[in-house]
Amino acid sequence: MKRILLAEDEEVLRMLVVDTLEDEDYVVDEAADGMEAVQLLKHRTYDLIILDYMMPGYTGLEIIEKIQSSEIQAQGKILMLSAKSQQFEQERILEAGADYFMAKPFSPLKLIEKIEVILHEAESIHF
């Protein structure tokens, strides 16, 4: 089973995404803010990390910086969610170290499709 960390401060969206992922048989840990996400990342590795761009505690970009600085152990792929969908914002997010970007709002089905592509690509690289 694939383990996913979802760090999202909007409670309703977080609950919707967690329910959707669990319906697809993913194991999901959730964080309501950046500080909670960092604590989870220090104690467990994930196949996929889904980060909200703007969160209290640490932003998605600050969490990526912590992963890259080895403050947090190596992790799987990173998908950044953001309402800031302008091209320059997407480029900034990807240049900072996110592997993928998805604009808010999104449909849960589109998110599942994206996650399946990401995890399939990750498996293909390892074999």
# chains A, B, ... in the order shown; residues from 1 in each chain; ligands from 1

call {"tool": "residues_around", "arguments": {"residues": "Lys84 of chain A", "least_positions_apart": "6", "cutoff": "8 Å", "atoms": "only C-alpha atoms", "output": "PyMOL selection string"}}
result
chain A and resi 90+103-104

call {"tool": "residues_around", "arguments": {"residues": "segment 58-67 of chain A", "least_positions_apart": "2", "cutoff": "8 Å", "atoms": "only C-alpha atoms", "output": "PyMOL selection string"}}
result
chain A and resi 33-35+38+51-56+69-75+80+93+96-98

call {"tool": "residues_around", "arguments": {"residues": "segment 105-119 of chain A", "least_positions_apart": "4", "cutoff": "8 Å", "atoms": "only C-alpha atoms", "output": "tab-separated table (two decimals) with N, CA, C and O atoms, in the first residue's frame"}}
result
chain	number	residue	atom	x	y	z
A	16	LEU	N	-12.23	15.95	2.46
A	16	LEU	CA	-12.67	15.44	1.17
A	16	LEU	C	-11.56	14.65	0.47
A	16	LEU	O	-11.78	13.54	-0.02
A	17	VAL	N	-10.36	15.20	0.47
A	17	VAL	CA	-9.23	14.53	-0.18
A	17	VAL	C	-8.87	13.24	0.56
A	17	VAL	O	-8.65	12.20	-0.07
A	20	THR	N	-11.41	10.59	-0.24
A	20	THR	CA	-11.24	10.14	-1.62
A	20	THR	C	-10.04	9.20	-1.74
A	20	THR	O	-10.13	8.14	-2.38
A	21	LEU	N	-8.93	9.57	-1.13
A	21	LEU	CA	-7.73	8.73	-1.20
A	21	LEU	C	-7.92	7.40	-0.48
A	21	LEU	O	-7.49	6.36	-0.96
A	47	ASP	N	5.37	7.82	0.05
A	47	ASP	CA	5.49	7.65	-1.39
A	47	ASP	C	5.14	8.94	-2.12
A	47	ASP	O	5.67	9.22	-3.19
A	48	LEU	N	4.25	9.71	-1.52
A	48	LEU	CA	3.83	10.98	-2.11
A	48	LEU	C	3.49	11.96	-0.99
A	48	LEU	O	2.84	11.58	0.00
A	77	LYS	N	7.79	11.61	-4.07
A	77	LYS	CA	7.46	12.75	-4.92
A	77	LYS	C	6.62	13.77	-4.16
A	77	LYS	O	5.93	13.44	-3.20
A	83	ALA	N	-3.84	27.78	-5.16
A	83	ALA	CA	-4.80	28.63	-5.87
A	83	ALA	C	-4.05	29.62	-6.76
A	83	ALA	O	-4.64	30.22	-7.64
A	123	GLU	N	7.18	4.28	-9.66
A	123	GLU	CA	7.45	2.85	-9.71
A	123	GLU	C	8.28	2.50	-10.95
A	123	GLU	O	9.19	1.67	-10.88

call {"tool": "atom_distance", "arguments": {"atom1": "atom CA of Glu24 of chain A", "atom2": "atom CA of Lys42 of chain A"}}
result
25.6 Å

call {"tool": "atom_distance", "arguments": {"atom1": "atom CA of Glu22 of chain A", "atom2": "atom CA of Met102 of chain A"}}
result
19.6 Å

call {"tool": "atom_distance", "arguments": {"atom1": "atom CA of Ala32 of chain A", "atom2": "atom CA of Ile49 of chain A"}}
result
13.6 Å

call {"tool": "select_by_dssp", "arguments": {"residues": "segment 16-78 of chain A", "states": "strand (DSSP E)", "output": "ChimeraX atom specification"}}
result
/A:27-31,48-52,77-78

call {"tool": "write_last_selection", "arguments": {"atoms": "all heavy atoms", "output": "PDB file, in the first residue's frame"}}
result
ATOM      1  N   VAL A  27      -3.009   4.731   2.101  1.00  0.00           N
ATOM      2  CA  VAL A  27      -2.869   5.031   3.523  1.00  0.00           C
ATOM      3  C   VAL A  27      -2.517   6.515   3.599  1.00  0.00           C
ATOM      4  O   VAL A  27      -1.541   6.957   2.988  1.00  0.00           O
ATOM      5  CB  VAL A  27      -1.764   4.171   4.174  1.00  0.00           C
ATOM      6  CG1 VAL A  27      -1.556   4.568   5.620  1.00  0.00           C
ATOM      7  CG2 VAL A  27      -2.094   2.703   4.042  1.00  0.00           C
ATOM      8  N   VAL A  28      -3.318   7.285   4.322  1.00  0.00           N
ATOM      9  CA  VAL A  28      -3.152   8.736   4.328  1.00  0.00           C
ATOM     10  C   VAL A  28      -2.936   9.250   5.749  1.00  0.00           C
ATOM     11  O   VAL A  28      -3.695   8.945   6.651  1.00  0.00           O
ATOM     12  CB  VAL A  28      -4.398   9.438   3.723  1.00  0.00           C
ATOM     13  CG1 VAL A  28      -4.166  10.940   3.659  1.00  0.00           C
ATOM     14  CG2 VAL A  28      -4.733   8.871   2.356  1.00  0.00           C
ATOM     15  N   ASP A  29      -1.866  10.018   5.908  1.00  0.00           N
ATOM     16  CA  ASP A  29      -1.656  10.789   7.125  1.00  0.00           C
ATOM     17  C   ASP A  29      -1.992  12.226   6.759  1.00  0.00           C
ATOM     18  O   ASP A  29      -1.668  12.681   5.655  1.00  0.00           O
ATOM     19  CB  ASP A  29      -0.210  10.706   7.598  1.00  0.00           C
ATOM     20  CG  ASP A  29       0.144   9.334   8.147  1.00  0.00           C
ATOM     21  OD1 ASP A  29      -0.766   8.557   8.462  1.00  0.00           O
ATOM     22  OD2 ASP A  29       1.354   9.037   8.245  1.00  0.00           O
ATOM     23  N   GLU A  30      -2.615  12.947   7.679  1.00  0.00           N
ATOM     24  CA  GLU A  30      -2.989  14.314   7.373  1.00  0.00           C
ATOM     25  C   GLU A  30      -2.394  15.291   8.367  1.00  0.00           C
ATOM     26  O   GLU A  30      -2.214  14.974   9.538  1.00  0.00           O
ATOM     27  CB  GLU A  30      -4.508  14.461   7.294  1.00  0.00           C
ATOM     28  CG  GLU A  30      -5.242  14.010   8.530  1.00  0.00           C
ATOM     29  CD  GLU A  30      -6.756  14.069   8.348  1.00  0.00           C
ATOM     30  OE1 GLU A  30      -7.299  15.186   8.259  1.00  0.00           O
ATOM     31  OE2 GLU A  30      -7.376  12.990   8.319  1.00  0.00           O
ATOM     32  N   ALA A  31      -2.078  16.470   7.843  1.00  0.00           N
ATOM     33  CA  ALA A  31      -1.544  17.551   8.667  1.00  0.00           C
ATOM     34  C   ALA A  31      -2.375  18.801   8.389  1.00  0.00           C
ATOM     35  O   ALA A  31      -2.648  19.124   7.235  1.00  0.00           O
ATOM     36  CB  ALA A  31      -0.084  17.799   8.326  1.00  0.00           C
ATOM     37  N   LEU A  48       4.250   9.714  -1.522  1.00  0.00           N
ATOM     38  CA  LEU A  48       3.827  10.984  -2.108  1.00  0.00           C
ATOM     39  C   LEU A  48       3.487  11.961  -0.986  1.00  0.00           C
ATOM     40  O   LEU A  48       2.844  11.585  -0.002  1.00  0.00           O
ATOM     41  CB  LEU A  48       2.588  10.782  -2.996  1.00  0.00           C
ATOM     42  CG  LEU A  48       1.970  12.033  -3.618  1.00  0.00           C
ATOM     43  CD1 LEU A  48       2.943  12.725  -4.573  1.00  0.00           C
ATOM     44  CD2 LEU A  48       0.673  11.686  -4.339  1.00  0.00           C
ATOM     45  N   ILE A  49       3.927  13.206  -1.173  1.00  0.00           N
ATOM     46  CA  ILE A  49       3.608  14.275  -0.236  1.00  0.00           C
ATOM     47  C   ILE A  49       2.790  15.304  -1.008  1.00  0.00           C
ATOM     48  O   ILE A  49       3.245  15.817  -2.038  1.00  0.00           O
ATOM     49  CB  ILE A  49       4.883  14.942   0.314  1.00  0.00           C
ATOM     50  CG1 ILE A  49       5.784  13.901   0.976  1.00  0.00           C
ATOM     51  CG2 ILE A  49       4.524  16.062   1.279  1.00  0.00           C
ATOM     52  CD1 ILE A  49       7.186  14.389   1.215  1.00  0.00           C
ATOM     53  N   ILE A  50       1.602  15.577  -0.517  1.00  0.00           N
ATOM     54  CA  ILE A  50       0.740  16.593  -1.134  1.00  0.00           C
ATOM     55  C   ILE A  50       0.738  17.789  -0.195  1.00  0.00           C
ATOM     56  O   ILE A  50       0.293  17.693   0.952  1.00  0.00           O
ATOM     57  CB  ILE A  50      -0.690  16.068  -1.346  1.00  0.00           C
ATOM     58  CG1 ILE A  50      -0.671  14.784  -2.191  1.00  0.00           C
ATOM     59  CG2 ILE A  50      -1.550  17.147  -2.000  1.00  0.00           C
ATOM     60  CD1 ILE A  50      -2.028  14.100  -2.297  1.00  0.00           C
ATOM     61  N   LEU A  51       1.266  18.907  -0.686  1.00  0.00           N
ATOM     62  CA  LEU A  51       1.415  20.109   0.138  1.00  0.00           C
ATOM     63  C   LEU A  51       0.578  21.254  -0.396  1.00  0.00           C
ATOM     64  O   LEU A  51       0.580  21.526  -1.602  1.00  0.00           O
ATOM     65  CB  LEU A  51       2.877  20.575   0.130  1.00  0.00           C
ATOM     66  CG  LEU A  51       3.931  19.636   0.692  1.00  0.00           C
ATOM     67  CD1 LEU A  51       5.317  20.203   0.433  1.00  0.00           C
ATOM     68  CD2 LEU A  51       3.697  19.407   2.172  1.00  0.00           C
ATOM     69  N   ASP A  52      -0.111  21.924   0.508  1.00  0.00           N
ATOM     70  CA  ASP A  52      -0.749  23.181   0.159  1.00  0.00           C
ATOM     71  C   ASP A  52       0.354  24.236   0.107  1.00  0.00           C
ATOM     72  O   ASP A  52       1.284  24.224   0.922  1.00  0.00           O
ATOM     73  CB  ASP A  52      -1.800  23.532   1.221  1.00  0.00           C
ATOM     74  CG  ASP A  52      -2.576  24.789   0.893  1.00  0.00           C
ATOM     75  OD1 ASP A  52      -2.571  25.217  -0.281  1.00  0.00           O
ATOM     76  OD2 ASP A  52      -3.202  25.336   1.812  1.00  0.00           O
ATOM     77  N   LYS A  77       7.791  11.607  -4.073  1.00  0.00           N
ATOM     78  CA  LYS A  77       7.460  12.749  -4.918  1.00  0.00           C
ATOM     79  C   LYS A  77       6.617  13.770  -4.158  1.00  0.00           C
ATOM     80  O   LYS A  77       5.933  13.435  -3.201  1.00  0.00           O
ATOM     81  CB  LYS A  77       6.693  12.283  -6.155  1.00  0.00           C
ATOM     82  CG  LYS A  77       7.485  11.347  -7.030  1.00  0.00           C
ATOM     83  CD  LYS A  77       8.616  12.088  -7.681  1.00  0.00           C
ATOM     84  CE  LYS A  77       9.425  11.188  -8.584  1.00  0.00           C
ATOM     85  NZ  LYS A  77      10.565  11.877  -9.161  1.00  0.00           N
ATOM     86  N   ILE A  78       6.675  15.019  -4.637  1.00  0.00           N
ATOM     87  CA  ILE A  78       5.940  16.112  -4.006  1.00  0.00           C
ATOM     88  C   ILE A  78       4.981  16.728  -5.016  1.00  0.00           C
ATOM     89  O   ILE A  78       5.397  17.143  -6.104  1.00  0.00           O
ATOM     90  CB  ILE A  78       6.898  17.189  -3.471  1.00  0.00           C
ATOM     91  CG1 ILE A  78       7.825  16.601  -2.411  1.00  0.00           C
ATOM     92  CG2 ILE A  78       6.114  18.380  -2.919  1.00  0.00           C
ATOM     93  CD1 ILE A  78       8.949  17.524  -1.980  1.00  0.00           C
TER      94      ILE A  78
END

call {"tool": "select_by_dssp", "arguments": {"residues": "chain A", "states": "helix (DSSP H, G or I)", "output": "PyMOL selection string"}}
result
chain A and resi 11-23+34-43+60-68+87-96+108-126

call {"tool": "closest_residue", "arguments": {"among": "A:Gln39, A:Thr45, A:Gln68, A:Asp19", "to": "Ile4 of chain A", "atoms": "only C-alpha atoms"}}
result
A:Thr45

call {"tool": "decode", "arguments": {"residues": "segment 39-87 of chain A", "atoms": "N, CA and C atoms", "output": "PDB file, in the first residue's frame"}}
result
ATOM      1  N   GLN A  39       6.618  17.544  11.445  1.00  0.00           N
ATOM      2  CA  GLN A  39       6.749  16.515  12.487  1.00  0.00           C
ATOM      3  C   GLN A  39       6.481  15.116  11.923  1.00  0.00           C
ATOM      4  N   LEU A  40       5.468  14.979  11.091  1.00  0.00           N
ATOM      5  CA  LEU A  40       5.176  13.678  10.479  1.00  0.00           C
ATOM      6  C   LEU A  40       6.316  13.251   9.559  1.00  0.00           C
ATOM      7  N   LEU A  41       6.862  14.187   8.797  1.00  0.00           N
ATOM      8  CA  LEU A  41       7.950  13.866   7.864  1.00  0.00           C
ATOM      9  C   LEU A  41       9.233  13.453   8.580  1.00  0.00           C
ATOM     10  N   LYS A  42       9.412  13.906   9.798  1.00  0.00           N
ATOM     11  CA  LYS A  42      10.611  13.533  10.558  1.00  0.00           C
ATOM     12  C   LYS A  42      10.544  12.089  11.062  1.00  0.00           C
ATOM     13  N   HIS A  43       9.347  11.518  11.099  1.00  0.00           N
ATOM     14  CA  HIS A  43       9.183  10.195  11.693  1.00  0.00           C
ATOM     15  C   HIS A  43       8.753   9.110  10.720  1.00  0.00           C
ATOM     16  N   ARG A  44       8.463   9.483   9.479  1.00  0.00           N
ATOM     17  CA  ARG A  44       7.949   8.493   8.537  1.00  0.00           C
ATOM     18  C   ARG A  44       8.277   8.936   7.119  1.00  0.00           C
ATOM     19  N   THR A  45       8.446   7.982   6.228  1.00  0.00           N
ATOM     20  CA  THR A  45       8.643   8.311   4.819  1.00  0.00           C
ATOM     21  C   THR A  45       7.335   8.063   4.068  1.00  0.00           C
ATOM     22  N   TYR A  46       7.185   8.792   2.988  1.00  0.00           N
ATOM     23  CA  TYR A  46       5.956   8.736   2.201  1.00  0.00           C
ATOM     24  C   TYR A  46       6.276   8.501   0.732  1.00  0.00           C
ATOM     25  N   ASP A  47       5.366   7.821   0.050  1.00  0.00           N
ATOM     26  CA  ASP A  47       5.489   7.646  -1.391  1.00  0.00           C
ATOM     27  C   ASP A  47       5.141   8.943  -2.118  1.00  0.00           C
ATOM     28  N   LEU A  48       4.250   9.714  -1.522  1.00  0.00           N
ATOM     29  CA  LEU A  48       3.827  10.984  -2.108  1.00  0.00           C
ATOM     30  C   LEU A  48       3.487  11.961  -0.986  1.00  0.00           C
ATOM     31  N   ILE A  49       3.927  13.206  -1.173  1.00  0.00           N
ATOM     32  CA  ILE A  49       3.608  14.275  -0.236  1.00  0.00           C
ATOM     33  C   ILE A  49       2.790  15.304  -1.008  1.00  0.00           C
ATOM     34  N   ILE A  50       1.602  15.577  -0.517  1.00  0.00           N
ATOM     35  CA  ILE A  50       0.740  16.593  -1.134  1.00  0.00           C
ATOM     36  C   ILE A  50       0.738  17.789  -0.195  1.00  0.00           C
ATOM     37  N   LEU A  51       1.266  18.907  -0.686  1.00  0.00           N
ATOM     38  CA  LEU A  51       1.415  20.109   0.138  1.00  0.00           C
ATOM     39  C   LEU A  51       0.578  21.254  -0.396  1.00  0.00           C
ATOM     40  N   ASP A  52      -0.111  21.924   0.508  1.00  0.00           N
ATOM     41  CA  ASP A  52      -0.749  23.181   0.159  1.00  0.00           C
ATOM     42  C   ASP A  52       0.354  24.236   0.107  1.00  0.00           C
ATOM     43  N   TYR A  53       0.263  25.137  -0.832  1.00  0.00           N
ATOM     44  CA  TYR A  53       1.268  26.180  -0.991  1.00  0.00           C
ATOM     45  C   TYR A  53       1.278  27.135   0.204  1.00  0.00           C
ATOM     46  N   MET A  54       0.091  27.592   0.618  1.00  0.00           N
ATOM     47  CA  MET A  54      -0.007  28.558   1.710  1.00  0.00           C
ATOM     48  C   MET A  54      -0.651  27.899   2.926  1.00  0.00           C
ATOM     49  N   MET A  55       0.142  27.699   3.972  1.00  0.00           N
ATOM     50  CA  MET A  55      -0.345  27.112   5.229  1.00  0.00           C
ATOM     51  C   MET A  55       0.276  27.858   6.387  1.00  0.00           C
ATOM     52  N   PRO A  56      -0.385  27.845   7.543  1.00  0.00           N
ATOM     53  CA  PRO A  56       0.256  28.394   8.745  1.00  0.00           C
ATOM     54  C   PRO A  56       1.392  27.463   9.191  1.00  0.00           C
ATOM     55  N   GLY A  57       2.282  28.001   9.964  1.00  0.00           N
ATOM     56  CA  GLY A  57       3.417  27.207  10.460  1.00  0.00           C
ATOM     57  C   GLY A  57       4.555  27.263   9.470  1.00  0.00           C
ATOM     58  N   TYR A  58       4.500  26.439   8.464  1.00  0.00           N
ATOM     59  CA  TYR A  58       5.441  26.465   7.347  1.00  0.00           C
ATOM     60  C   TYR A  58       4.632  26.399   6.063  1.00  0.00           C
ATOM     61  N   THR A  59       5.070  27.131   5.056  1.00  0.00           N
ATOM     62  CA  THR A  59       4.423  27.031   3.753  1.00  0.00           C
ATOM     63  C   THR A  59       4.902  25.752   3.069  1.00  0.00           C
ATOM     64  N   GLY A  60       4.243  25.393   1.997  1.00  0.00           N
ATOM     65  CA  GLY A  60       4.691  24.240   1.221  1.00  0.00           C
ATOM     66  C   GLY A  60       6.132  24.400   0.758  1.00  0.00           C
ATOM     67  N   LEU A  61       6.502  25.613   0.335  1.00  0.00           N
ATOM     68  CA  LEU A  61       7.879  25.849  -0.114  1.00  0.00           C
ATOM     69  C   LEU A  61       8.882  25.688   1.027  1.00  0.00           C
ATOM     70  N   GLU A  62       8.534  26.137   2.209  1.00  0.00           N
ATOM     71  CA  GLU A  62       9.439  25.985   3.356  1.00  0.00           C
ATOM     72  C   GLU A  62       9.620  24.511   3.714  1.00  0.00           C
ATOM     73  N   ILE A  63       8.581  23.730   3.573  1.00  0.00           N
ATOM     74  CA  ILE A  63       8.696  22.293   3.838  1.00  0.00           C
ATOM     75  C   ILE A  63       9.626  21.647   2.818  1.00  0.00           C
ATOM     76  N   ILE A  64       9.507  22.039   1.558  1.00  0.00           N
ATOM     77  CA  ILE A  64      10.408  21.511   0.531  1.00  0.00           C
ATOM     78  C   ILE A  64      11.855  21.866   0.871  1.00  0.00           C
ATOM     79  N   GLU A  65      12.098  23.095   1.317  1.00  0.00           N
ATOM     80  CA  GLU A  65      13.450  23.507   1.711  1.00  0.00           C
ATOM     81  C   GLU A  65      13.992  22.610   2.821  1.00  0.00           C
ATOM     82  N   LYS A  66      13.150  22.259   3.783  1.00  0.00           N
ATOM     83  CA  LYS A  66      13.575  21.394   4.884  1.00  0.00           C
ATOM     84  C   LYS A  66      13.925  19.992   4.372  1.00  0.00           C
ATOM     85  N   ILE A  67      13.157  19.493   3.430  1.00  0.00           N
ATOM     86  CA  ILE A  67      13.454  18.182   2.848  1.00  0.00           C
ATOM     87  C   ILE A  67      14.781  18.240   2.107  1.00  0.00           C
ATOM     88  N   GLN A  68      14.992  19.278   1.326  1.00  0.00           N
ATOM     89  CA  GLN A  68      16.222  19.407   0.539  1.00  0.00           C
ATOM     90  C   GLN A  68      17.450  19.643   1.407  1.00  0.00           C
ATOM     91  N   SER A  69      17.276  20.225   2.575  1.00  0.00           N
ATOM     92  CA  SER A  69      18.415  20.508   3.451  1.00  0.00           C
ATOM     93  C   SER A  69      18.780  19.309   4.321  1.00  0.00           C
ATOM     94  N   SER A  70      18.093  18.194   4.103  1.00  0.00           N
ATOM     95  CA  SER A  70      18.313  16.960   4.864  1.00  0.00           C
ATOM     96  C   SER A  70      17.870  17.066   6.309  1.00  0.00           C
ATOM     97  N   GLU A  71      17.151  18.136   6.650  1.00  0.00           N
ATOM     98  CA  GLU A  71      16.583  18.233   7.990  1.00  0.00           C
ATOM     99  C   GLU A  71      15.526  17.143   8.169  1.00  0.00           C
ATOM    100  N   ILE A  72      14.941  16.734   7.046  1.00  0.00           N
ATOM    101  CA  ILE A  72      13.944  15.669   7.017  1.00  0.00           C
ATOM    102  C   ILE A  72      14.487  14.585   6.099  1.00  0.00           C
ATOM    103  N   GLN A  73      14.273  13.323   6.464  1.00  0.00           N
ATOM    104  CA  GLN A  73      14.793  12.223   5.659  1.00  0.00           C
ATOM    105  C   GLN A  73      14.212  12.243   4.248  1.00  0.00           C
ATOM    106  N   ALA A  74      14.898  11.579   3.326  1.00  0.00           N
ATOM    107  CA  ALA A  74      14.486  11.532   1.928  1.00  0.00           C
ATOM    108  C   ALA A  74      13.044  11.045   1.811  1.00  0.00           C
ATOM    109  N   GLN A  75      12.336  11.628   0.890  1.00  0.00           N
ATOM    110  CA  GLN A  75      10.918  11.333   0.718  1.00  0.00           C
ATOM    111  C   GLN A  75      10.624  11.010  -0.736  1.00  0.00           C
ATOM    112  N   GLY A  76       9.357  10.673  -0.984  1.00  0.00           N
ATOM    113  CA  GLY A  76       8.897  10.403  -2.338  1.00  0.00           C
ATOM    114  C   GLY A  76       8.627  11.694  -3.082  1.00  0.00           C
ATOM    115  N   LYS A  77       7.791  11.607  -4.073  1.00  0.00           N
ATOM    116  CA  LYS A  77       7.460  12.749  -4.918  1.00  0.00           C
ATOM    117  C   LYS A  77       6.617  13.770  -4.158  1.00  0.00           C
ATOM    118  N   ILE A  78       6.675  15.019  -4.637  1.00  0.00           N
ATOM    119  CA  ILE A  78       5.940  16.112  -4.006  1.00  0.00           C
ATOM    120  C   ILE A  78       4.981  16.728  -5.016  1.00  0.00           C
ATOM    121  N   LEU A  79       3.717  16.803  -4.622  1.00  0.00           N
ATOM    122  CA  LEU A  79       2.678  17.466  -5.403  1.00  0.00           C
ATOM    123  C   LEU A  79       2.239  18.701  -4.633  1.00  0.00           C
ATOM    124  N   MET A  80       2.396  19.877  -5.244  1.00  0.00           N
ATOM    125  CA  MET A  80       1.992  21.123  -4.597  1.00  0.00           C
ATOM    126  C   MET A  80       0.624  21.544  -5.113  1.00  0.00           C
ATOM    127  N   LEU A  81      -0.263  21.874  -4.179  1.00  0.00           N
ATOM    128  CA  LEU A  81      -1.588  22.396  -4.497  1.00  0.00           C
ATOM    129  C   LEU A  81      -1.579  23.887  -4.240  1.00  0.00           C
ATOM    130  N   SER A  82      -2.133  24.660  -5.186  1.00  0.00           N
ATOM    131  CA  SER A  82      -2.152  26.100  -4.966  1.00  0.00           C
ATOM    132  C   SER A  82      -3.243  26.773  -5.770  1.00  0.00           C
ATOM    133  N   ALA A  83      -3.842  27.779  -5.155  1.00  0.00           N
ATOM    134  CA  ALA A  83      -4.798  28.627  -5.870  1.00  0.00           C
ATOM    135  C   ALA A  83      -4.054  29.616  -6.759  1.00  0.00           C
ATOM    136  N   LYS A  84      -2.759  29.751  -6.528  1.00  0.00           N
ATOM    137  CA  LYS A  84      -1.927  30.635  -7.360  1.00  0.00           C
ATOM    138  C   LYS A  84      -1.519  29.850  -8.601  1.00  0.00           C
ATOM    139  N   SER A  85      -2.311  29.985  -9.655  1.00  0.00           N
ATOM    140  CA  SER A  85      -2.095  29.126 -10.821  1.00  0.00           C
ATOM    141  C   SER A  85      -1.454  29.845 -12.003  1.00  0.00           C
ATOM    142  N   GLN A  86      -0.980  31.078 -11.799  1.00  0.00           N
ATOM    143  CA  GLN A  86      -0.290  31.759 -12.885  1.00  0.00           C
ATOM    144  C   GLN A  86       0.982  30.993 -13.251  1.00  0.00           C
ATOM    145  N   GLN A  87       1.379  31.102 -14.501  1.00  0.00           N
ATOM    146  CA  GLN A  87       2.541  30.355 -14.998  1.00  0.00           C
ATOM    147  C   GLN A  87       3.801  30.621 -14.170  1.00  0.00           C
TER     148      GLN A  87
END
